[in-house]
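Undergrad: Right, I'll just put the structure down here and ask away after.
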Amino acid sequence: KNDDTAAADHRRLAIVSGLELRDQASVERVGRQLQASYDRIDALWNVAGLLGDKTTPGPERALRQLDRDWLEQSLAVNVIGPILLTKELAPLLQQRTARRKRTTSRQPPTKDDNNDNTDPQEQRPASVVVNLSARVGSISDNELGGWYSYRLSKAALNQATRTLAIELARNGHHNKTNAGWAIALHPGTTNTDLSAPFRANVPENSLFPVEFTVHQLLNVVDGLEEKHSGGFYDWAGQSLSF
């Protein structure tokens with residue numbers, strides 16, 4: 001295929017929808033849109049993050065720098081929005097829908113496709129919710145202090161991840177479905193806008209290219225087993241303490 005044809009195929013396989021995690025109406029709209037189009041979600045990656053820079057109150061290095069509006073924004077983006085989005089998509093995370101048979105169509109699958117074109121003998125593996133956390137969200141690892149809003153919002157996200165994993169496992173047992181899994185991941189310091197204001201303090205060879213981080217995190221998720229659900233892991237698959 002030439003580049004134009006490949007690009008066109010890629011566009012048909014992707015659906016892009018705007019989402020504002022601080023707006024409940026936006027979260028609910030995306031939930032309705034996906035539930036109307038699909039029977040199941042294989043993986044939900046909650047990757048939004050808010051840290052701040054020199055133009056914002058955060059990241060706060062001292063108690064006197066705390067600002068109510070910034071704290072509320074940090075919680076909204078880093079934990080409240082992702083968990084409420086997961087709530088909206090929960091019905092799609094534990095479906096018994098079988099793996100779709102291969103077809104020649106390159107159109108995105110729809111509910112009708114899933115109902116009419118499945119193999120009842122080939123069940124999909126468990127769905128997984130991946131919450132992008134941070135090592136600074138670890139309470140036991142906190143020996144430096146500072147970064148109040150970011151630390152506490154990521155710690156809350158870790159707790160929500162563990163609680164979600166327990167509920168997904170319980171529901172899977174009761175409904176006799178493949179129990180969904182949930183994990184929290186620390187991506188490492190990656191070359192994104194979030195880390196840009198702090199790169200001067202990052203040791204040489206410790207700032208990861210985006211492609212490297214994506215590859216590593218996908219490998220971690222691909223290697224998951226049921227026993228890992230509810231855990232907190234870094235980009236190399238090493239378990240981190242909460």
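Residues in the structure tokens are named by chain (A, B, ... in the order shown) and by number from 1 within that chain; ligands are numbered from 1 in the order shown.
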Quick one: everything within 12 Å of Gly237 in chain A, counting only C-alpha atoms, minus sequence neighbours fewer than 5 positions away in the same chain. Send it as a ChimeraX atom specification.
TA: /A:183-188,213,215-224,228,231-232
Undergrad: Would you list, as a PyMOL selection string, the residues of range 162-215 of chain A that end up in strand (DSSP E or B) under DSSP run on this structure's backbone?
TA: chain A and resi 181-186+190+208
Undergrad: For Ser153 in chain A, work out the shell of residues within 8 Å, counting only C-alpha atoms and skipping chain neighbours fewer than 4 positions away, then give it as an MDAnalysis selection string.
TA: chainID A and resid 74:75 78:79 137 149 157
Undergrad: Any chance you could export the current selection's all heavy atoms as a PDB file, in the first residue's frame?
TA:
ATOM      1  N   SER A  74      -6.361  19.611  40.223  1.00  0.00           N
ATOM      2  CA  SER A  74      -5.466  18.453  40.228  1.00  0.00           C
ATOM      3  C   SER A  74      -6.237  17.172  40.538  1.00  0.00           C
ATOM      4  O   SER A  74      -6.035  16.140  39.891  1.00  0.00           O
ATOM      5  CB  SER A  74      -4.352  18.653  41.266  1.00  0.00           C
ATOM      6  OG  SER A  74      -3.554  19.770  40.935  1.00  0.00           O
ATOM      7  N   LEU A  75      -7.107  17.241  41.518  1.00  0.00           N
ATOM      8  CA  LEU A  75      -7.920  16.076  41.855  1.00  0.00           C
ATOM      9  C   LEU A  75      -8.861  15.717  40.715  1.00  0.00           C
ATOM     10  O   LEU A  75      -9.060  14.538  40.398  1.00  0.00           O
ATOM     11  CB  LEU A  75      -8.711  16.342  43.136  1.00  0.00           C
ATOM     12  CG  LEU A  75      -7.892  16.364  44.429  1.00  0.00           C
ATOM     13  CD1 LEU A  75      -8.719  16.931  45.575  1.00  0.00           C
ATOM     14  CD2 LEU A  75      -7.416  14.961  44.773  1.00  0.00           C
ATOM     15  N   ASN A  78      -6.521  14.232  37.811  1.00  0.00           N
ATOM     16  CA  ASN A  78      -5.658  13.093  38.139  1.00  0.00           C
ATOM     17  C   ASN A  78      -6.390  11.906  38.737  1.00  0.00           C
ATOM     18  O   ASN A  78      -5.878  10.778  38.666  1.00  0.00           O
ATOM     19  CB  ASN A  78      -4.557  13.541  39.100  1.00  0.00           C
ATOM     20  CG  ASN A  78      -3.579  14.491  38.444  1.00  0.00           C
ATOM     21  OD1 ASN A  78      -3.485  14.561  37.223  1.00  0.00           O
ATOM     22  ND2 ASN A  78      -2.851  15.245  39.256  1.00  0.00           N
ATOM     23  N   VAL A  79      -7.554  12.129  39.345  1.00  0.00           N
ATOM     24  CA  VAL A  79      -8.237  10.987  39.954  1.00  0.00           C
ATOM     25  C   VAL A  79      -9.752  11.006  39.753  1.00  0.00           C
ATOM     26  O   VAL A  79     -10.328   9.983  39.379  1.00  0.00           O
ATOM     27  CB  VAL A  79      -7.891  10.876  41.461  1.00  0.00           C
ATOM     28  CG1 VAL A  79      -8.290  12.109  42.240  1.00  0.00           C
ATOM     29  CG2 VAL A  79      -8.533   9.652  42.070  1.00  0.00           C
ATOM     30  N   GLY A 137       3.350   9.214  44.059  1.00  0.00           N
ATOM     31  CA  GLY A 137       2.081   8.918  44.706  1.00  0.00           C
ATOM     32  C   GLY A 137       2.208   7.858  45.784  1.00  0.00           C
ATOM     33  O   GLY A 137       1.245   7.600  46.519  1.00  0.00           O
ATOM     34  N   SER A 149      -0.415  18.598  45.846  1.00  0.00           N
ATOM     35  CA  SER A 149      -1.599  18.217  45.072  1.00  0.00           C
ATOM     36  C   SER A 149      -1.318  17.025  44.161  1.00  0.00           C
ATOM     37  O   SER A 149      -2.166  16.136  44.015  1.00  0.00           O
ATOM     38  CB  SER A 149      -2.113  19.408  44.255  1.00  0.00           C
ATOM     39  OG  SER A 149      -1.113  19.908  43.390  1.00  0.00           O
ATOM     40  N   LEU A 157      -5.443   7.981  43.412  1.00  0.00           N
ATOM     41  CA  LEU A 157      -5.642   7.150  42.228  1.00  0.00           C
ATOM     42  C   LEU A 157      -5.187   5.717  42.487  1.00  0.00           C
ATOM     43  O   LEU A 157      -5.833   4.758  42.060  1.00  0.00           O
ATOM     44  CB  LEU A 157      -4.877   7.740  41.045  1.00  0.00           C
ATOM     45  CG  LEU A 157      -5.044   7.014  39.703  1.00  0.00           C
ATOM     46  CD1 LEU A 157      -6.493   7.107  39.217  1.00  0.00           C
ATOM     47  CD2 LEU A 157      -4.097   7.589  38.657  1.00  0.00           C
TER      48      LEU A 157
END
Undergrad: Do you have the CA of Asn46 in chain A-CA of Thr161 in chain A distance handy?
TA: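 Atom-to-atom, CA of Asn46 in chain A to CA of Thr161 in chain A, that is 11.0 Å.
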Undergrad: Take CA of Ser206 in chain A and CA of Val47 in chain A and report the distance between them in Å, one decimal.
TA: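 Computing the Euclidean distance for CA of Ser206 in chain A and CA of Val47 in chain A yields 20.2 Å.
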Undergrad: Which residues, written as a short mmCIF file (atom, residue, chain, number, x, y, z; two decimals) with N, CA and C atoms, in the first residue's frame, have at least one atom at most 10 Å from Val27 in chain A, with only C-alpha atoms counted and residues fewer than 6 positions away on the same chain left out?
TA:
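Saved to part_6.cif:
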data_model
loop_
_atom_site.label_atom_id
_atom_site.label_comp_id
_atom_site.auth_asym_id
_atom_site.auth_seq_id
_atom_site.Cartn_x
_atom_site.Cartn_y
_atom_site.Cartn_z
N GLY A 18 -13.56 14.11 21.64
CA GLY A 18 -13.08 15.04 22.65
C GLY A 18 -13.59 14.67 24.04
N LEU A 19 -12.76 14.92 25.05
CA LEU A 19 -13.13 14.60 26.43
C LEU A 19 -12.51 15.62 27.37
N GLU A 20 -13.33 16.22 28.22
CA GLU A 20 -12.87 17.13 29.27
C GLU A 20 -13.17 16.47 30.61
N LEU A 21 -12.12 15.96 31.27
CA LEU A 21 -12.31 15.20 32.49
C LEU A 21 -12.85 16.04 33.64
N GLY A 81 -11.82 12.52 37.51
CA GLY A 81 -12.22 12.29 36.11
C GLY A 81 -11.98 10.87 35.65
N PRO A 82 -10.76 10.33 35.83
CA PRO A 82 -10.50 8.96 35.40
C PRO A 82 -11.42 7.92 36.04
N LEU A 84 -14.47 8.43 37.33
CA LEU A 84 -15.84 8.58 36.85
C LEU A 84 -15.98 8.11 35.40
N LEU A 85 -14.93 8.27 34.60
CA LEU A 85 -14.96 7.72 33.25
C LEU A 85 -15.02 6.20 33.31
N THR A 86 -14.24 5.61 34.21
CA THR A 86 -14.27 4.16 34.39
C THR A 86 -15.66 3.71 34.80
N LYS A 87 -16.30 4.47 35.68
CA LYS A 87 -17.68 4.16 36.09
C LYS A 87 -18.62 4.13 34.88
N GLU A 88 -18.50 5.13 34.00
CA GLU A 88 -19.39 5.18 32.83
C GLU A 88 -19.16 4.00 31.89
N LEU A 89 -17.94 3.50 31.84
CA LEU A 89 -17.61 2.42 30.91
C LEU A 89 -17.61 1.05 31.56
#
Undergrad: In range 137-199 of chain A, what's alpha helix (DSSP H) per DSSP? Answer as a list in words?
TA: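 Reading the DSSP output for range 137-199 of chain A, alpha helix (DSSP H) covers Tyr148, Ser149, Tyr150, Arg151, Leu152, Ser153, Lys154, Ala155, Ala156, Leu157, Asn158, Gln159, Ala160, Thr161, Arg162, Thr163, Leu164, Ala165, Ile166, Glu167, Leu168, Ala169, Arg170, Asn171, Gly172, His173, His174 and Asn175 of chain A.
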Undergrad: Find the residue from A:Gly145, A:Pro91, A:Gly52, A:Pro197 that sits nearest to Ala36 in chain A; use only C-alpha atoms when measuring.
TA: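 Closest to Ala36 in chain A of all the choices is A:Pro91.
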Undergrad: State, in Å with one decimal place, the distance from CA of Glu60 in chain A to CA of Ile139 in chain A.
TA: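 Calculated distance between CA of Glu60 in chain A and CA of Ile139 in chain A is 16.8 Å.
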Undergrad: Choose the residue, out of A:Trp181, A:Gln159, A:Phe242, A:Val214, that has the smallest atom-to-atom separation from Asn142 in chain A; count only C-alpha atoms.
TA: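 Smallest separation from Asn142 in chain A among the options: A:Phe242.
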Undergrad: Might you pull out every residue within 9 Å of Leu93 in chain A, with only C-alpha atoms counted and same-chain residues fewer than 6 positions away left off, and present them as an MDAnalysis selection string?
TA: chainID A and resid 40:44 86 126:129 168 179:180
